[in-house]
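Here the structure is laid out as structure tokens; the discussion comes afterwards.
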Protein chains: 2
Amino acid sequence: MPRGKPESQAVPASASAGVSAPSPQPALTAPVEDYLKAIYELETRLGTAVTSDVADALDVAPASATGMIRRLAAQGYLDHVPYRGVQLTDAGRRAALRTIRRHRILESYLTSVLGYPWDLVHDEAERLEHAASDALIERMAVALGNPTQDPHGAPIPTAEGTVDERPRRTIADLAVGERARMVRVSDRDGSLLRYLAEIALQPGVEVQLITRAPFDGPLTLRIGSNELMVGPSLAGQVLVDTIETPDPP
Amino acid sequence: MPRGKPESQAVPASASAGVSAPSPQPALTAPVEDYLKAIYELETRLGTAVTSDVADALDVAPASATGMIRRLAAQGYLDHVPYRGVQLTDAGRRAALRTIRRHRILESYLTSVLGYPWDLVHDEAERLEHAASDALIERMAVALGNPTQDPHGAPIPTAEGTVDERPRRTIADLAVGERARMVRVSDRDGSLLRYLAEIALQPGVEVQLITRAPFDGPLTLRIGSNELMVGPSLAGQVLVDTIETPDPP
DNA sequence: CCCAAAGTTTAGCCTAGGCTAAACTTGCTT
DNA sequence: AAGCAAGTTTAGCCTAGGCTAAACTTTGGG
């Protein structure tokens, strides 16, 4: 953060659109946003975030993660108990959710409006999320009709910072014969996404588990009118919702 | 070093097509792209780029500009004659035009598709231009029908790196009574753009110079059916094209 | 024709965010 | 209960890109 000439770039919060933010937010750097987002995701996925997982998630050396964690803790974005792990503060969680909202709205916009393929959209959003203004993100959200899910089925946090992050079952958890609706898959793995698109397994689609081979073997699924077999690792990555069966009275 | 302003340049279309190895472009940082763009703009506007102008354009200290200029020269993006100034190499010009293309396509897209106001679009594009992939930019270009001008009338370089940067007259250059078509204004000054929008002076609009007060005084313009007075500094910033009068045979 | 002002570069410093190697904790397994 | 492996932190270094202050060129006026 360069401290420079007494540059008066005062933007009087009077004119223009209602973007006036009275608090002079320090504007987080891209790495800072990435760390906070990664820590948030580790907390929701694993319940806790430790240094090595953070380092893995961001593909940096553990020592680098320690260094950034120290800075973020000093700035009040997280609490750090040395050797034990890290916990987002309210400020940290707010910042993380803001970044995640941007990411998911960008993914939605690029997919729906610009026809961006769903296996490539993650990387693009990963860069744009640090550059787009709030005003632009909200414009995109409005253009999309304020969506609540991104193209991979992930819930989009509201601008106020609430998100419906309920736990889900995966296809691997289904009972044989059980039907379910595909709701979500991670946006990280492009080749997985390409394969899912190929077999028409996308959010909203109905799946039924037909058979499950023993010893962690392959699963047979019915997707629409097709049957096919998938490995247990794929099945474990695809989140589903139980289908609301029509209530018999 | 006295080379006049280049009018339009084409990349030499790499004669030996298949021979050159597909060099993995090192991916320029945002500051590097900003310097190259600024130097390009100084070269086309003033014919030459000197350290202090570069520093001014980027709002950094002259010593900082010297430092970056040294790095860019070492990487082959420009030639630097100490104390005399700087000149883009072909590689530098290509990189600059790529950034300018992104900037102008982003401005066009944000304005036409997302209804972004034309006085705010510059700052947004300034950040996005460093984050958007080529694939995204080309998608936007296609969605817009491959525009050749941005919302402020600036020509959009092609993906191959050619641009039609012909010199223009300004309203201040018009003869009294002369009619002309507004074609372009800088995207930098938001308050100027807001005012121009207010008086309906936008690219494509016809203007006529009615009177000019002496001693660099105000000018009376006719815009559509309205007449109004503007200062000479505004008039000097608005570029126009002579109107093609219907040829009398 | 010289010298001072204006402009440019160098020298030295700073911060963010990386890295490796070494030191230190923690906890698991004998 | 001890010791070792795995995980974490510290120490020291690096690069990019800023800054100021000081030294150096260039140039225009007297």
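Chains: A, B, ... in order of the structure tokens. Residues: from 1 per chain. Ligands: from 1, in order shown.
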Practice prompt. Identify, on the basis of only C-alpha atoms (C1' of nucleotides), every residue whose closest approach to Ile69 of chain B does not exceed 12 Å; exclude the query and any residue fewer than 2 positions from it along the same chain; express the result as an NGL selection string.
Written response: (:B and (31-32 or 34-36 or 38-39 or 49-52 or 54-55 or 62-67 or 71-83 or 85-88 or 92)) or (:C and (8-9)) or (:D and (17))
Just the selected residues (C-alpha atoms (C1' of nucleotides)), exported as a CSV table (one decimal), in the first residue's frame, please.
chain,number,residue,atom,x,y,z
B,31,PRO,CA,1.3,-1.8,-13.6
B,32,VAL,CA,3.2,-3.0,-16.6
B,34,ASP,CA,-0.7,0.6,-17.4
B,35,TYR,CA,2.7,2.0,-18.3
B,36,LEU,CA,2.7,0.6,-21.8
B,38,ALA,CA,0.2,5.4,-21.0
B,39,ILE,CA,3.3,5.5,-23.1
B,49,ALA,CA,7.0,10.1,-24.4
B,50,VAL,CA,9.2,11.5,-21.7
B,51,THR,CA,9.6,10.3,-18.1
B,52,SER,CA,7.8,13.2,-16.4
B,54,VAL,CA,4.6,9.1,-18.0
B,55,ALA,CA,4.9,9.8,-14.3
B,62,PRO,CA,9.2,10.5,-11.6
B,63,ALA,CA,11.8,8.2,-10.0
B,64,SER,CA,9.2,5.4,-10.0
B,65,ALA,CA,8.6,5.9,-13.7
B,66,THR,CA,12.3,5.8,-14.4
B,67,GLY,CA,12.5,2.5,-12.5
B,71,ARG,CA,12.5,-2.8,-16.4
B,72,LEU,CA,10.4,-2.5,-19.5
B,73,ALA,CA,13.4,-1.6,-21.6
B,74,ALA,CA,15.3,-4.6,-20.2
B,75,GLN,CA,12.3,-6.8,-21.2
B,76,GLY,CA,12.3,-5.4,-24.8
B,77,TYR,CA,9.0,-3.5,-24.6
B,78,LEU,CA,10.7,-0.1,-25.2
B,79,ASP,CA,13.8,1.7,-26.1
B,80,HIS,CA,15.1,4.2,-23.6
B,81,VAL,CA,17.5,6.9,-24.3
B,82,PRO,CA,18.4,8.3,-20.9
B,83,TYR,CA,17.4,11.8,-20.4
B,85,GLY,CA,12.7,9.7,-23.6
B,86,VAL,CA,11.2,6.5,-24.5
B,87,GLN,CA,9.8,4.7,-27.6
B,88,LEU,CA,7.7,1.6,-27.8
B,92,GLY,CA,5.5,-2.9,-26.5
C,8,DT,C1',16.0,12.8,-15.1
C,9,DT,C1',18.4,9.3,-12.9
D,17,DG,C1',6.7,-1.5,-7.4
Practice prompt. Find the residues around Ala197 of chain A up to 9 Å (only C-alpha atoms (C1' of nucleotides) counted), leave out those fewer than 5 positions away in its own chain, and share them as an NGL selection string.
Written response: :A and (118-119 or 192 or 202)
Item to complete: Would you list, as a ChimeraX atom specification, the residues of segment 78-230 of chain A that end up in strand (DSSP E or B) under DSSP run on this structure's backbone?
Response: /A:78-81,85-88,149,155,169-170,179-184,206-212,219-223,226-230
Write to file, as a compact mmCIF listing (two decimals), in the first residue's frame, the residues of the selection just made, with N, CA and C atoms.
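Wrote result06.txt, looks like this:
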# COMPACT_ATOMS: atom_id res chain seq x y z
N LEU A 78 -9.16 -12.21 11.35
CA LEU A 78 -9.29 -13.55 11.92
C LEU A 78 -8.55 -13.68 13.23
N ASP A 79 -8.93 -14.71 13.98
CA ASP A 79 -8.24 -15.04 15.23
C ASP A 79 -7.34 -16.21 14.96
N HIS A 80 -6.14 -16.12 15.46
CA HIS A 80 -5.17 -17.16 15.18
C HIS A 80 -4.62 -17.69 16.50
N VAL A 81 -4.77 -18.98 16.70
CA VAL A 81 -4.13 -19.62 17.85
C VAL A 81 -2.95 -20.40 17.28
N GLY A 85 -4.72 -23.28 14.57
CA GLY A 85 -5.61 -22.94 13.46
C GLY A 85 -6.14 -21.53 13.56
N VAL A 86 -7.16 -21.28 12.79
CA VAL A 86 -7.55 -19.93 12.49
C VAL A 86 -9.06 -19.88 12.45
N GLN A 87 -9.62 -18.73 12.79
CA GLN A 87 -11.08 -18.58 12.80
C GLN A 87 -11.43 -17.20 12.29
N LEU A 88 -12.34 -17.10 11.35
CA LEU A 88 -12.72 -15.79 10.83
C LEU A 88 -13.43 -14.97 11.90
N GLN A 149 -28.64 -19.06 -6.96
CA GLN A 149 -27.67 -20.13 -7.17
C GLN A 149 -26.78 -19.80 -8.35
N PRO A 155 -24.96 -21.69 -3.57
CA PRO A 155 -25.83 -20.58 -3.18
C PRO A 155 -25.09 -19.25 -3.24
N ARG A 169 -26.47 -34.12 0.97
CA ARG A 169 -25.98 -35.47 0.74
C ARG A 169 -25.35 -35.51 -0.65
N THR A 170 -24.58 -36.58 -0.88
CA THR A 170 -24.02 -36.76 -2.21
C THR A 170 -24.66 -37.99 -2.83
N ARG A 179 -34.29 -42.01 -5.41
CA ARG A 179 -34.20 -40.95 -6.40
C ARG A 179 -33.84 -39.64 -5.71
N ALA A 180 -33.18 -38.76 -6.45
CA ALA A 180 -32.79 -37.48 -5.86
C ALA A 180 -32.60 -36.47 -6.97
N ARG A 181 -32.47 -35.23 -6.57
CA ARG A 181 -32.26 -34.19 -7.58
C ARG A 181 -30.86 -33.62 -7.41
N MET A 182 -30.11 -33.60 -8.48
CA MET A 182 -28.77 -33.04 -8.45
C MET A 182 -28.88 -31.55 -8.13
N VAL A 183 -28.13 -31.06 -7.14
CA VAL A 183 -28.23 -29.64 -6.82
C VAL A 183 -26.92 -28.88 -6.94
N ARG A 184 -25.80 -29.57 -6.84
CA ARG A 184 -24.56 -28.78 -6.77
C ARG A 184 -23.35 -29.64 -6.99
N GLU A 206 -32.78 -35.04 -12.39
CA GLU A 206 -33.11 -36.10 -11.46
C GLU A 206 -32.20 -37.31 -11.70
N VAL A 207 -31.75 -37.90 -10.61
CA VAL A 207 -30.90 -39.10 -10.67
C VAL A 207 -31.51 -40.18 -9.81
N GLN A 208 -31.28 -41.42 -10.21
CA GLN A 208 -31.67 -42.52 -9.34
C GLN A 208 -30.49 -43.47 -9.23
N LEU A 209 -30.23 -43.93 -8.01
CA LEU A 209 -29.16 -44.91 -7.82
C LEU A 209 -29.74 -46.30 -8.06
N ILE A 210 -29.20 -46.97 -9.07
CA ILE A 210 -29.77 -48.27 -9.45
C ILE A 210 -29.05 -49.40 -8.70
N THR A 211 -27.73 -49.41 -8.83
CA THR A 211 -26.97 -50.44 -8.10
C THR A 211 -25.70 -49.82 -7.59
N ARG A 212 -25.17 -50.49 -6.58
CA ARG A 212 -23.89 -50.06 -6.03
C ARG A 212 -23.05 -51.30 -5.85
N LEU A 219 -20.98 -47.20 -9.24
CA LEU A 219 -22.42 -47.07 -9.02
C LEU A 219 -23.11 -46.97 -10.37
N THR A 220 -24.26 -47.59 -10.47
CA THR A 220 -25.05 -47.42 -11.67
C THR A 220 -26.13 -46.38 -11.39
N LEU A 221 -26.20 -45.39 -12.28
CA LEU A 221 -27.18 -44.32 -12.10
C LEU A 221 -28.14 -44.31 -13.27
N ARG A 222 -29.35 -43.85 -12.99
CA ARG A 222 -30.24 -43.51 -14.06
C ARG A 222 -30.34 -41.99 -14.10
N ILE A 223 -30.04 -41.43 -15.25
CA ILE A 223 -30.14 -39.98 -15.44
C ILE A 223 -31.06 -39.78 -16.61
N ASN A 226 -31.33 -42.49 -19.42
CA ASN A 226 -30.07 -43.21 -19.60
C ASN A 226 -29.61 -43.89 -18.31
N GLU A 227 -28.93 -45.01 -18.49
CA GLU A 227 -28.25 -45.60 -17.35
C GLU A 227 -26.77 -45.59 -17.62
N LEU A 228 -25.99 -45.31 -16.58
CA LEU A 228 -24.54 -45.39 -16.77
C LEU A 228 -23.87 -45.58 -15.43
N MET A 229 -22.60 -45.97 -15.50
CA MET A 229 -21.87 -46.25 -14.28
C MET A 229 -20.84 -45.16 -14.02
N VAL A 230 -20.71 -44.84 -12.76
CA VAL A 230 -19.73 -43.82 -12.37
C VAL A 230 -18.93 -44.36 -11.19
Contact residues around segment 21-27 of chain C with only C-alpha atoms (C1' of nucleotides) at 9 Å, ignoring same-chain residues under 3 positions, as a compact mmCIF listing (two decimals) with C-alpha atoms (C1' of nucleotides), in the first residue's frame:
# COMPACT_ATOMS: atom_id res chain seq x y z
CA TYR A 83 -0.22 -24.22 15.98
C1' DA D 6 3.87 -34.31 10.97
C1' DG D 7 2.65 -29.80 11.10
C1' DT D 8 3.73 -24.89 12.16
C1' DT D 9 6.39 -21.01 12.85
C1' DT D 10 10.62 -18.20 12.53
C1' DA D 11 14.61 -16.46 10.17
Discussion item. For the full set of C-alpha atoms taken in order, report to one decimal the RMSD after fitting chain A onto chain B.
Written reply: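 The superposed chains show a C-alpha RMSD of 8.5 Å.
Closest approach to DT26 of chain D among C:DA11, C:DC28, C:DC1, C:DA6: C:DA6, based on only C-alpha atoms (C1' of nucleotides).
Taking only C-alpha atoms (C1' of nucleotides) into account, chain C lies nearest to B:Ala61 out of the set B:Asp216, B:Thr48, B:Ala61, B:Gly145.
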Worksheet entry | 9 Å contacts from chain A to chain B using only C-alpha atoms, as a VMD selection string | chain A and resid 4 to 5 110 114 to 116 124 to 125 127 to 133 136 139 to 140 143
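With only C-alpha atoms (C1' of nucleotides) taken into account, chain D has DA16, DG17, DG18, DC19, DT20, DT25 and DT26 of chain D at most 10 Å from chain B.
Among C:DC19, C:DT30, C:DG7, C:DG12, the residue with the shortest atom-to-atom distance to chain A, counting only C-alpha atoms (C1' of nucleotides), is C:DC19.
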Discussion item. Considering only helix (DSSP H, G or I) as DSSP defines it on the backbone, what residues of segment 5-220 of chain B qualify? List them as a PyMOL selection string.
Written reply: chain B and resi 30-46+51-58+62-74+90-112+121-128+134-143+171-173+190-198
Could those residues be written to a file, using C-alpha atoms, as a short mmCIF file (atom, residue, chain, number, x, y, z; two decimals), in the first residue's frame?
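Just written: result35.cif:
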data_model
loop_
_atom_site.label_atom_id
_atom_site.label_comp_id
_atom_site.auth_asym_id
_atom_site.auth_seq_id
_atom_site.Cartn_x
_atom_site.Cartn_y
_atom_site.Cartn_z
CA ALA B 30 -1.35 -4.59 -14.15
CA PRO B 31 1.25 -1.84 -13.58
CA VAL B 32 3.20 -2.97 -16.65
CA GLU B 33 0.08 -2.84 -18.80
CA ASP B 34 -0.71 0.59 -17.42
CA TYR B 35 2.73 1.95 -18.27
CA LEU B 36 2.69 0.56 -21.78
CA LYS B 37 -0.77 1.94 -22.38
CA ALA B 38 0.17 5.35 -21.04
CA ILE B 39 3.33 5.48 -23.15
CA TYR B 40 1.37 4.48 -26.22
CA GLU B 41 -1.11 7.24 -25.61
CA LEU B 42 1.62 9.82 -25.07
CA GLU B 43 3.31 8.75 -28.28
CA THR B 44 0.14 9.11 -30.32
CA ARG B 45 -0.90 12.34 -28.64
CA LEU B 46 2.42 14.14 -28.35
CA THR B 51 9.63 10.34 -18.10
CA SER B 52 7.77 13.15 -16.40
CA ASP B 53 4.75 12.82 -18.66
CA VAL B 54 4.63 9.11 -17.99
CA ALA B 55 4.87 9.78 -14.27
CA ASP B 56 2.09 12.36 -14.48
CA ALA B 57 -0.15 10.11 -16.51
CA LEU B 58 0.14 7.33 -13.96
CA PRO B 62 9.24 10.50 -11.62
CA ALA B 63 11.76 8.19 -9.99
CA SER B 64 9.20 5.41 -10.01
CA ALA B 65 8.60 5.90 -13.70
CA THR B 66 12.33 5.76 -14.36
CA GLY B 67 12.49 2.48 -12.49
CA MET B 68 9.68 0.90 -14.45
CA ILE B 69 11.02 2.25 -17.72
CA ARG B 70 14.31 0.55 -17.00
CA ARG B 71 12.54 -2.77 -16.38
CA LEU B 72 10.40 -2.46 -19.49
CA ALA B 73 13.40 -1.59 -21.63
CA ALA B 74 15.28 -4.59 -20.24
CA ASP B 90 6.86 -3.57 -31.69
CA ALA B 91 6.35 -5.87 -28.72
CA GLY B 92 5.50 -2.90 -26.54
CA ARG B 93 3.08 -1.46 -29.03
CA ARG B 94 1.38 -4.81 -29.43
CA ALA B 95 0.96 -5.15 -25.68
CA ALA B 96 -0.34 -1.59 -25.39
CA LEU B 97 -2.89 -2.07 -28.14
CA ARG B 98 -4.06 -5.29 -26.61
CA THR B 99 -4.77 -3.49 -23.34
CA ILE B 100 -6.45 -0.61 -25.13
CA ARG B 101 -8.64 -3.02 -27.07
CA ARG B 102 -9.73 -4.66 -23.83
CA HIS B 103 -10.42 -1.34 -22.23
CA ARG B 104 -12.55 -0.07 -25.07
CA ILE B 105 -14.48 -3.27 -25.57
CA LEU B 106 -15.19 -3.38 -21.87
CA GLU B 107 -16.41 0.21 -21.95
CA SER B 108 -18.65 -0.58 -24.90
CA TYR B 109 -20.03 -3.70 -23.31
CA LEU B 110 -20.69 -2.15 -19.93
CA THR B 111 -22.42 0.78 -21.55
CA SER B 112 -24.51 -0.99 -24.18
CA VAL B 121 -17.34 3.29 -17.23
CA HIS B 122 -13.72 4.34 -17.55
CA ASP B 123 -12.75 3.51 -13.98
CA GLU B 124 -14.46 0.16 -14.11
CA ALA B 125 -12.78 -0.78 -17.39
CA GLU B 126 -9.47 0.41 -16.02
CA ARG B 127 -9.56 -2.40 -13.48
CA LEU B 128 -11.26 -5.10 -15.53
CA ASP B 134 -8.87 -12.73 -24.21
CA ALA B 135 -11.63 -15.27 -24.59
CA LEU B 136 -14.00 -13.14 -22.54
CA ILE B 137 -13.10 -9.96 -24.40
CA GLU B 138 -13.74 -11.62 -27.74
CA ARG B 139 -17.07 -12.96 -26.48
CA MET B 140 -18.07 -9.45 -25.52
CA ALA B 141 -16.90 -8.11 -28.86
CA VAL B 142 -19.00 -10.67 -30.68
CA ALA B 143 -22.02 -9.93 -28.48
CA ILE B 171 -14.90 22.21 -31.84
CA ALA B 172 -12.42 24.94 -31.01
CA ASP B 173 -10.98 24.58 -34.52
CA GLY B 190 -16.27 12.03 -15.55
CA SER B 191 -17.61 15.49 -14.78
CA LEU B 192 -16.99 16.63 -18.35
CA LEU B 193 -18.81 13.54 -19.61
CA ARG B 194 -21.75 14.17 -17.32
CA TYR B 195 -21.99 17.71 -18.61
CA LEU B 196 -21.78 16.63 -22.22
CA ALA B 197 -24.56 14.16 -21.63
CA GLU B 198 -26.61 16.94 -20.11
#
Item to complete: Could you check how far atom CA of Gly231 of chain A sits from atom CA of Leu201 of chain A, in Å to one decimal?
Response: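 So the answer is 14.1 Å.
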Fill in: Interatomic distance (Å, one decimal) between atom CA of Val163 of chain B and atom CA of Leu144 of chain B
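Computing the Euclidean distance for atom CA of Val163 of chain B and atom CA of Leu144 of chain B yields 17.9 Å.
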